[in-house]
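K.L.:
There's a structure below that I have some questions on.
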Amino acid sequence: MTPVQPVRGTQSLLGEDADRLAAVVSAFDRVRRLYGFKRVEVPTIEHTAVFARTIGETTDVVSKEMYSFEDRGGESITLRPEFTAGICRAYLSEGWQQYAPLKVATHGSAFRYERPQKGRFREFRQLDAEIIGVGEPQADVELLAFADQLLKELGIDGAILQLNTLGDPETRSAWRDALHEHFRGHASALSEDSQARLERNPLRILDSKAHQDWPIVDSAPVIDDFLTAEAADFFGKVTEGIDAAGIQWGRAPRLVRGLDYYRHTAFEFVTDQLGAQGTVLAGGRYDGLIEALGGPHTPAVGWAAGVERLAMMIDAPARDNPEAVLLPLGERAEAAAQGILAALRRSGTAAEALYKGNLKKRLTRASASGAEYALLLGDDELADGKITVRNLVEGQQATASLECIGHVPLSLLWQVDTGSPSSPGAQHIKDLLSGR
Ligand code: ATP
Ligand code: MG
């Protein structure tokens with residue numbers, strides 16, 4: 001029988017690859033606390049309408065990439081392709097409105113039926129941060145500062161903030177008309193994908209990945225010529241704010257978000273280190289989204305980042321080495337090993353035991369594990385209530401009283417001989433314990 005295979009575009013990760021994802025998530029969790037974002041959880045599945053209405057029927061995500069299925073009750077269900085829509089659904093259906101304005105963050109798997117390649121998967125992970133109920137540009141700045149600090153704390157300095165404004169609805173519709181006219185004039189030279197977007201969503205042509213479209217995109221009208229005074233003022237306050245926060249950025253006048261409900265600020269952190277999948281974090285203001293879900297007009301802004309893409313850019317995280325490795329050298333010592341391991345672990349010391357092989361082999365393996373200490377326990381020592389603590393880095397060792405294990409840090413034990421109750425070492429430890 002051929003062994004069962006994973007679903008295309010999914011990942012099964014062991015060791016460092018898994019540690020990398022965990023390191024990204026833990027940095028996110030640390031930074032989101034600094035910025036006062038509450039943790040939220042939202043379902044992996046939603047009614048298909050939640051995404052169709054918010055992400056927009058004309059986007060790739062909704063038209064081609066969603067994992068939708070009919071459940072046994074005949075309802076159309078979709079695996080979340082992103083977090084924003086589900087968070088906004090919860091904001092309305094779970095009474096979160098009473099806590100507005102709300103700063104929330106979450107992370108987890110997202111699903112998109114895409115062509116798998118480097119940095120592009122069918123099940124991938126996102127970090128997500130949203131501010132709901134704040135229409136002022138300060139919210140945009142705060143989110144950008146959060147994103148910027150996260151990338152810096154991850155040691156990623158090769159990702160540059162690309163910033164644009166999509167203006168208010170008036171701006172956007174004037175720009176859209178101008179883009180439509182421009183692209184219609186070049187319709188026959190556009191890629192098939194872009195021709196399809198021409199009538200439905202001409203802004204999306206700016207996002208085209210087809211080389212043949214690029215010269216036509218380059219000569220397209222830019223939004224600055226259509227900004228209303230309010231929209232220009234809003235954008236000015238955002239750039240002032242990020243300058244004040246010391247965030248480096250570049251203007252990307254043709255950057256749009258695929259989603260239809262974006263207004264004002266649109267941004268991406270882009271790197272050239274990941275080939276075609278260069279966007280590590282993307283977001284913007286989506287003041288129209290909550291209304292699209294049937295809620296009241298609610299301004300909001302947020303971003304999402306690809307955990308796998310960030311994980312590829314960080315240094316390898318430190319390995320989770322044990323601090324101590326216990327080597328029981330005899331039958332009775334073996335029987336006592338679990339008790340000693342438990343005492344160590346309960347006191348917060350990461351510990352392993354090596355039962356097999358001669359002493360030399362086991363010491364070599366203990367060193368290779370990265371542990372700082374080997375604890376050698378022979379049957380005779382056990383009978384005397386003692387254990388040998390060997391510092392694997394310094395190569396020195398001391399005899400300790402077994403009772404000290406789990407009560408006295410190993411870093412003290414190996415330096416002071418507590419083998420005999422009357423030794424100066426034992427006295428020193430007793431003094432330490434009694435706080436003298
Ligand atoms: P792309 O242009 O790369 O397809 P997108 O515009 O579809 O990105 P968003 O919907 O803005 O991406 O999602 C936010 C982030 O999630 C992206 O910047 C990226 O880091 C990550 N991401 C999106 N799709 C995938 C995927 N299929 N695999 C891995 N990461 C992804
Ligand atoms: Mg995509």
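Every chain in the structure tokens has a letter given in the order shown (A, B, ...), and although residue numbers restart at 1 in each chain, ligands are simply numbered from 1 in the order shown.
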Compute the set of protein, DNA and RNA residues whose minimum atom distance to ligand 1 is at most 10 Å, using only C-alpha atoms and all ligand atoms, and state it as JSON, numbers by chain.

P.N.:
{"A": [9, 10, 55, 59, 60, 61, 65, 81, 82, 83, 84, 109, 110, 111, 112, 113, 114, 115, 116, 117, 118, 119, 120, 121, 122, 123, 124, 125, 126, 127, 128, 207, 208, 209, 256, 257, 258, 259, 267, 268, 269, 270, 276, 277, 278, 279, 280, 281, 282, 283, 284, 303, 304, 305, 306, 307, 308, 309, 310]}

K.L.:
For range 225-240 of chain A, please output as a list of chain:residue names all residues within 6 Å (counting only C-alpha atoms; exclusion window: fewer than 2 positions along the same chain).

P.N.:
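Close residues of range 225-240 of chain A: A:Pro137, A:Val141, A:Gly167, A:Asp168, A:Thr171, A:Ile223, A:Ile242, A:Asp243.
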
K.L.:
Which one is closest to Val31 in chain A: A:Glu381, A:Glu75, A:Glu142, A:Glu153? Count only C-alpha atoms.

P.N.:
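Using only C-alpha atoms, Val31 in chain A sits closest to A:Glu153.
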
K.L.:
As a PyMOL selection string, please: all residues of range 69-254 of chain A that backbone DSSP puts in strand (DSSP E or B).

P.N.:
chain A and resi 69-70+76-79+102-111+117+120+123-132+160-165+249-251

K.L.:
For the selection you just gave me, I'd like the residues written to a file as a PDB file, in the first residue's frame, keeping C-alpha atoms.

P.N.:
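What follows is the written file selection19.pdb:
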```pdb
ATOM      1  CA  PHE A  69     -18.554  23.414   0.922  1.00  0.00           C
ATOM      2  CA  GLU A  70     -22.095  22.543   1.767  1.00  0.00           C
ATOM      3  CA  SER A  76     -22.723  26.972   2.475  1.00  0.00           C
ATOM      4  CA  ILE A  77     -19.682  27.123   4.744  1.00  0.00           C
ATOM      5  CA  THR A  78     -16.216  28.518   3.992  1.00  0.00           C
ATOM      6  CA  LEU A  79     -12.852  27.950   5.689  1.00  0.00           C
ATOM      7  CA  LEU A 102     -11.781  47.985  20.024  1.00  0.00           C
ATOM      8  CA  LYS A 103      -8.179  46.997  19.408  1.00  0.00           C
ATOM      9  CA  VAL A 104      -7.952  43.262  18.762  1.00  0.00           C
ATOM     10  CA  ALA A 105      -5.429  40.739  17.546  1.00  0.00           C
ATOM     11  CA  THR A 106      -5.471  37.079  16.643  1.00  0.00           C
ATOM     12  CA  HIS A 107      -3.514  34.473  14.710  1.00  0.00           C
ATOM     13  CA  GLY A 108      -4.063  31.062  13.186  1.00  0.00           C
ATOM     14  CA  SER A 109      -4.588  29.134   9.977  1.00  0.00           C
ATOM     15  CA  ALA A 110      -6.165  30.583   6.846  1.00  0.00           C
ATOM     16  CA  PHE A 111      -7.096  28.634   3.726  1.00  0.00           C
ATOM     17  CA  GLN A 117       4.974  27.583  -4.335  1.00  0.00           C
ATOM     18  CA  ARG A 120       2.412  30.352  -0.910  1.00  0.00           C
ATOM     19  CA  GLU A 123      -3.230  26.274   4.490  1.00  0.00           C
ATOM     20  CA  PHE A 124      -1.039  29.064   5.837  1.00  0.00           C
ATOM     21  CA  ARG A 125      -0.961  31.104   8.997  1.00  0.00           C
ATOM     22  CA  GLN A 126      -1.687  34.746   9.549  1.00  0.00           C
ATOM     23  CA  LEU A 127      -1.125  37.272  12.279  1.00  0.00           C
ATOM     24  CA  ASP A 128      -3.937  39.799  12.367  1.00  0.00           C
ATOM     25  CA  ALA A 129      -4.471  43.139  14.107  1.00  0.00           C
ATOM     26  CA  GLU A 130      -7.515  45.377  13.823  1.00  0.00           C
ATOM     27  CA  ILE A 131      -8.782  48.654  15.299  1.00  0.00           C
ATOM     28  CA  ILE A 132     -12.554  48.872  15.013  1.00  0.00           C
ATOM     29  CA  ILE A 160      10.062  48.270   3.479  1.00  0.00           C
ATOM     30  CA  LEU A 161       6.734  49.939   4.208  1.00  0.00           C
ATOM     31  CA  GLN A 162       4.980  50.897   0.962  1.00  0.00           C
ATOM     32  CA  LEU A 163       2.191  53.350   1.639  1.00  0.00           C
ATOM     33  CA  ASN A 164      -0.685  54.690  -0.402  1.00  0.00           C
ATOM     34  CA  THR A 165      -4.072  56.258   0.050  1.00  0.00           C
ATOM     35  CA  TRP A 249       8.313  54.352   4.407  1.00  0.00           C
ATOM     36  CA  GLY A 250       8.013  54.844   0.699  1.00  0.00           C
ATOM     37  CA  ARG A 251       5.097  56.094  -1.348  1.00  0.00           C
TER      38      ARG A 251
END
```

K.L.:
Grab the CA of Arg390 in chain A to CA of Pro317 in chain A distance for me, in Å with one decimal place.

P.N.:
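One can read the CA of Arg390 in chain A to CA of Pro317 in chain A distance as 26.9 Å.
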
K.L.:
Run DSSP on the backbone of this structure and report the residues of range 33-222 of chain A it assigns to alpha helix (DSSP H), as a PyMOL selection string.

P.N.:
chain A and resi 33-34+48-55+60+84-93+137-153+169-185+192-200+214-218

K.L.:
With a distance cut-off of 12 Å and only C-alpha atoms, select the neighbouring residues of Arg204 in chain A, excluding the residue or stretch itself and same-chain residues fewer than 6 positions from it, and output the selection as a PyMOL selection string.

P.N.:
chain A and resi 56+58-60+176+179-180+183+193-198+213+217+254-260

K.L.:
For the residues selected in the previous step, produce a file with N, CA and C atoms as an mmCIF file, in the first residue's frame.

P.N.:
```cif
data_model
loop_
_atom_site.group_PDB
_atom_site.id
_atom_site.type_symbol
_atom_site.label_atom_id
_atom_site.label_comp_id
_atom_site.auth_asym_id
_atom_site.auth_seq_id
_atom_site.Cartn_x
_atom_site.Cartn_y
_atom_site.Cartn_z
ATOM 1 N N GLY A 56 -15.478 40.804 -1.287
ATOM 2 C CA GLY A 56 -15.891 41.299 -2.601
ATOM 3 C C GLY A 56 -15.869 40.188 -3.623
ATOM 4 N N THR A 58 -15.584 40.223 -6.652
ATOM 5 C CA THR A 58 -14.702 40.365 -7.816
ATOM 6 C C THR A 58 -13.234 40.087 -7.484
ATOM 7 N N THR A 59 -12.933 39.794 -6.230
ATOM 8 C CA THR A 59 -11.527 39.533 -5.902
ATOM 9 C C THR A 59 -11.173 38.079 -6.201
ATOM 10 N N ASP A 60 -9.865 37.823 -6.376
ATOM 11 C CA ASP A 60 -9.401 36.453 -6.606
ATOM 12 C C ASP A 60 -9.796 35.570 -5.437
ATOM 13 N N ARG A 176 -11.373 55.677 -10.055
ATOM 14 C CA ARG A 176 -11.823 54.459 -10.718
ATOM 15 C C ARG A 176 -12.293 54.749 -12.140
ATOM 16 N N LEU A 179 -9.287 55.464 -14.269
ATOM 17 C CA LEU A 179 -8.557 54.227 -14.557
ATOM 18 C C LEU A 179 -9.295 53.403 -15.618
ATOM 19 N N HIS A 180 -10.613 53.366 -15.457
ATOM 20 C CA HIS A 180 -11.434 52.608 -16.399
ATOM 21 C C HIS A 180 -11.220 53.135 -17.812
ATOM 22 N N PHE A 183 -7.590 52.274 -19.051
ATOM 23 C CA PHE A 183 -7.377 50.866 -19.395
ATOM 24 C C PHE A 183 -8.238 50.444 -20.584
ATOM 25 N N ASP A 193 -6.570 38.241 -17.770
ATOM 26 C CA ASP A 193 -7.039 38.511 -16.411
ATOM 27 C C ASP A 193 -7.467 39.968 -16.262
ATOM 28 N N SER A 194 -6.625 40.859 -16.767
ATOM 29 C CA SER A 194 -6.901 42.278 -16.609
ATOM 30 C C SER A 194 -8.088 42.710 -17.458
ATOM 31 N N GLN A 195 -8.246 42.108 -18.618
ATOM 32 C CA GLN A 195 -9.425 42.437 -19.438
ATOM 33 C C GLN A 195 -10.696 42.067 -18.676
ATOM 34 N N ALA A 196 -10.631 40.939 -17.971
ATOM 35 C CA ALA A 196 -11.802 40.518 -17.199
ATOM 36 C C ALA A 196 -12.082 41.492 -16.061
ATOM 37 N N ARG A 197 -11.005 42.115 -15.530
ATOM 38 C CA ARG A 197 -11.174 43.034 -14.399
ATOM 39 C C ARG A 197 -11.653 44.426 -14.841
ATOM 40 N N LEU A 198 -11.503 44.696 -16.138
ATOM 41 C CA LEU A 198 -11.731 46.044 -16.646
ATOM 42 C C LEU A 198 -13.095 46.607 -16.242
ATOM 43 N N ASP A 213 1.092 43.867 -18.762
ATOM 44 C CA ASP A 213 0.247 44.950 -18.256
ATOM 45 C C ASP A 213 1.059 46.108 -17.677
ATOM 46 N N VAL A 217 0.053 49.951 -16.844
ATOM 47 C CA VAL A 217 -0.160 50.331 -15.446
ATOM 48 C C VAL A 217 0.698 51.554 -15.111
ATOM 49 N N ARG A 254 0.558 53.345 -6.789
ATOM 50 C CA ARG A 254 -0.320 52.396 -7.490
ATOM 51 C C ARG A 254 -0.686 51.207 -6.624
ATOM 52 N N LEU A 255 -0.337 51.285 -5.345
ATOM 53 C CA LEU A 255 -0.680 50.170 -4.462
ATOM 54 C C LEU A 255 -2.177 50.222 -4.131
ATOM 55 N N VAL A 256 -2.871 49.121 -4.413
ATOM 56 C CA VAL A 256 -4.276 49.023 -4.024
ATOM 57 C C VAL A 256 -4.440 47.751 -3.218
ATOM 58 N N ARG A 257 -5.492 47.662 -2.468
ATOM 59 C CA ARG A 257 -5.788 46.403 -1.796
ATOM 60 C C ARG A 257 -6.809 45.697 -2.663
ATOM 61 N N GLY A 258 -6.691 44.368 -2.719
ATOM 62 C CA GLY A 258 -7.609 43.614 -3.555
ATOM 63 C C GLY A 258 -9.064 43.770 -3.116
ATOM 64 N N LEU A 259 -9.244 44.018 -1.839
ATOM 65 C CA LEU A 259 -10.599 44.024 -1.304
ATOM 66 C C LEU A 259 -11.320 45.332 -1.644
ATOM 67 N N ASP A 260 -12.619 45.221 -1.872
ATOM 68 C CA ASP A 260 -13.387 46.365 -2.370
ATOM 69 C C ASP A 260 -13.662 47.447 -1.341
#
```

K.L.:
For ligand 2, which residue among A:Ala333, A:Gln397, A:Ala252, A:Ser63 is the nearest when counting only C-alpha atoms and all ligand atoms?

P.N.:
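Among A:Ala333, A:Gln397, A:Ala252, A:Ser63, it is A:Ser63 that comes nearest to ligand 2.
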
K.L.:
Quick one: of A:Ile87, A:Leu203, A:Ala49, A:Leu144, who's nearest to Ser173 in chain A, counting only C-alpha atoms?

P.N.:
A:Leu203

K.L.:
Show me, as a list in words, the residues that have an atom within 10 Å of Leu359 in chain A when counting only C-alpha atoms, minus same-chain residues fewer than 3 positions from it.

P.N.:
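Those residues are Leu327, Pro328, Leu329, Leu354, Tyr355, Lys356, Arg362, Leu363, Thr364, Arg365 and Leu376 of chain A.
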
K.L.:
Please produce a file of those selected residues containing N, CA, C and O atoms, as a PDB file, in the first residue's frame.

P.N.:
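Final output, saved to result-v3.pdb:
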```
ATOM      1  N   LEU A 327      21.925  10.513  34.116  1.00  0.00           N
ATOM      2  CA  LEU A 327      22.473   9.226  33.673  1.00  0.00           C
ATOM      3  C   LEU A 327      22.408   8.216  34.818  1.00  0.00           C
ATOM      4  O   LEU A 327      23.313   8.171  35.651  1.00  0.00           O
ATOM      5  N   PRO A 328      21.361   7.414  34.897  1.00  0.00           N
ATOM      6  CA  PRO A 328      21.292   6.394  35.950  1.00  0.00           C
ATOM      7  C   PRO A 328      22.214   5.231  35.572  1.00  0.00           C
ATOM      8  O   PRO A 328      22.125   4.718  34.457  1.00  0.00           O
ATOM      9  N   LEU A 329      23.095   4.854  36.515  1.00  0.00           N
ATOM     10  CA  LEU A 329      24.108   3.846  36.185  1.00  0.00           C
ATOM     11  C   LEU A 329      23.911   2.609  37.038  1.00  0.00           C
ATOM     12  O   LEU A 329      24.762   2.261  37.841  1.00  0.00           O
ATOM     13  N   LEU A 354      19.115   9.614  30.048  1.00  0.00           N
ATOM     14  CA  LEU A 354      19.691   8.683  29.064  1.00  0.00           C
ATOM     15  C   LEU A 354      19.948   7.370  29.783  1.00  0.00           C
ATOM     16  O   LEU A 354      20.746   7.321  30.721  1.00  0.00           O
ATOM     17  N   TYR A 355      19.263   6.314  29.330  1.00  0.00           N
ATOM     18  CA  TYR A 355      19.335   5.048  30.049  1.00  0.00           C
ATOM     19  C   TYR A 355      20.318   4.068  29.434  1.00  0.00           C
ATOM     20  O   TYR A 355      20.803   3.182  30.084  1.00  0.00           O
ATOM     21  N   LYS A 356      20.541   4.223  28.124  1.00  0.00           N
ATOM     22  CA  LYS A 356      21.267   3.168  27.403  1.00  0.00           C
ATOM     23  C   LYS A 356      22.691   3.552  27.029  1.00  0.00           C
ATOM     24  O   LYS A 356      22.970   4.721  26.787  1.00  0.00           O
ATOM     25  N   ARG A 362      27.173   7.830  26.779  1.00  0.00           N
ATOM     26  CA  ARG A 362      26.072   8.633  27.298  1.00  0.00           C
ATOM     27  C   ARG A 362      26.511  10.070  27.570  1.00  0.00           C
ATOM     28  O   ARG A 362      25.769  11.014  27.346  1.00  0.00           O
ATOM     29  N   LEU A 363      27.744  10.224  28.054  1.00  0.00           N
ATOM     30  CA  LEU A 363      28.244  11.588  28.304  1.00  0.00           C
ATOM     31  C   LEU A 363      28.370  12.357  26.992  1.00  0.00           C
ATOM     32  O   LEU A 363      28.048  13.544  26.918  1.00  0.00           O
ATOM     33  N   THR A 364      28.818  11.651  25.935  1.00  0.00           N
ATOM     34  CA  THR A 364      28.923  12.297  24.628  1.00  0.00           C
ATOM     35  C   THR A 364      27.553  12.749  24.144  1.00  0.00           C
ATOM     36  O   THR A 364      27.383  13.860  23.651  1.00  0.00           O
ATOM     37  N   ARG A 365      26.579  11.856  24.323  1.00  0.00           N
ATOM     38  CA  ARG A 365      25.217  12.216  23.883  1.00  0.00           C
ATOM     39  C   ARG A 365      24.633  13.351  24.733  1.00  0.00           C
ATOM     40  O   ARG A 365      23.916  14.214  24.221  1.00  0.00           O
ATOM     41  N   LEU A 376      25.051  12.251  37.293  1.00  0.00           N
ATOM     42  CA  LEU A 376      25.409  10.833  37.278  1.00  0.00           C
ATOM     43  C   LEU A 376      24.990  10.174  38.582  1.00  0.00           C
ATOM     44  O   LEU A 376      25.360  10.643  39.663  1.00  0.00           O
TER      45      LEU A 376
END
```

K.L.:
As an exercise, work out the distance from CA of Val301 in chain A to CA of Val25 in chain A in Å and give it to one decimal place.

P.N.:
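Calculated distance between CA of Val301 in chain A and CA of Val25 in chain A is 20.9 Å.
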
K.L.:
When you draw a straight line from CA of Gly406 in chain A to CA of Gly357 in chain A, how long is it in Å?

P.N.:
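Straight-line distance from CA of Gly406 in chain A to CA of Gly357 in chain A works out to 25.9 Å.
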
K.L.:
Pick out the closest residue to ligand 2 from this set: A:Gly15, A:Met66, A:Lys38, A:Thr399. Count only C-alpha atoms and all ligand atoms.

P.N.:
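Between A:Gly15, A:Met66, A:Lys38, A:Thr399, the residue approaching ligand 2 most closely is A:Met66.
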
K.L.:
From the set A:Val62, A:Ala342, A:Leu326, A:Ala366, which residue has the shortest atom-to-atom contact distance to ligand 2, counting only C-alpha atoms and all ligand atoms?

P.N.:
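Of A:Val62, A:Ala342, A:Leu326, A:Ala366, the one nearest ligand 2, counting only C-alpha atoms and all ligand atoms, is A:Val62.
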
K.L.:
Which residues come within 12 Å of Asp379 in chain A, counting only C-alpha atoms, excluding same-chain residues fewer than 5 positions away, as an NGL selection string?

P.N.:
:A and (327-337 or 384-388)

K.L.:
Leaving out range 52-54 of chain A and any residue of its chain fewer than 3 positions from it, which residues lie within 7 Å of it when counting only C-alpha atoms, given as an NGL selection string?

P.N.:
:A and (48-49 or 57 or 62 or 85 or 289 or 292-293)
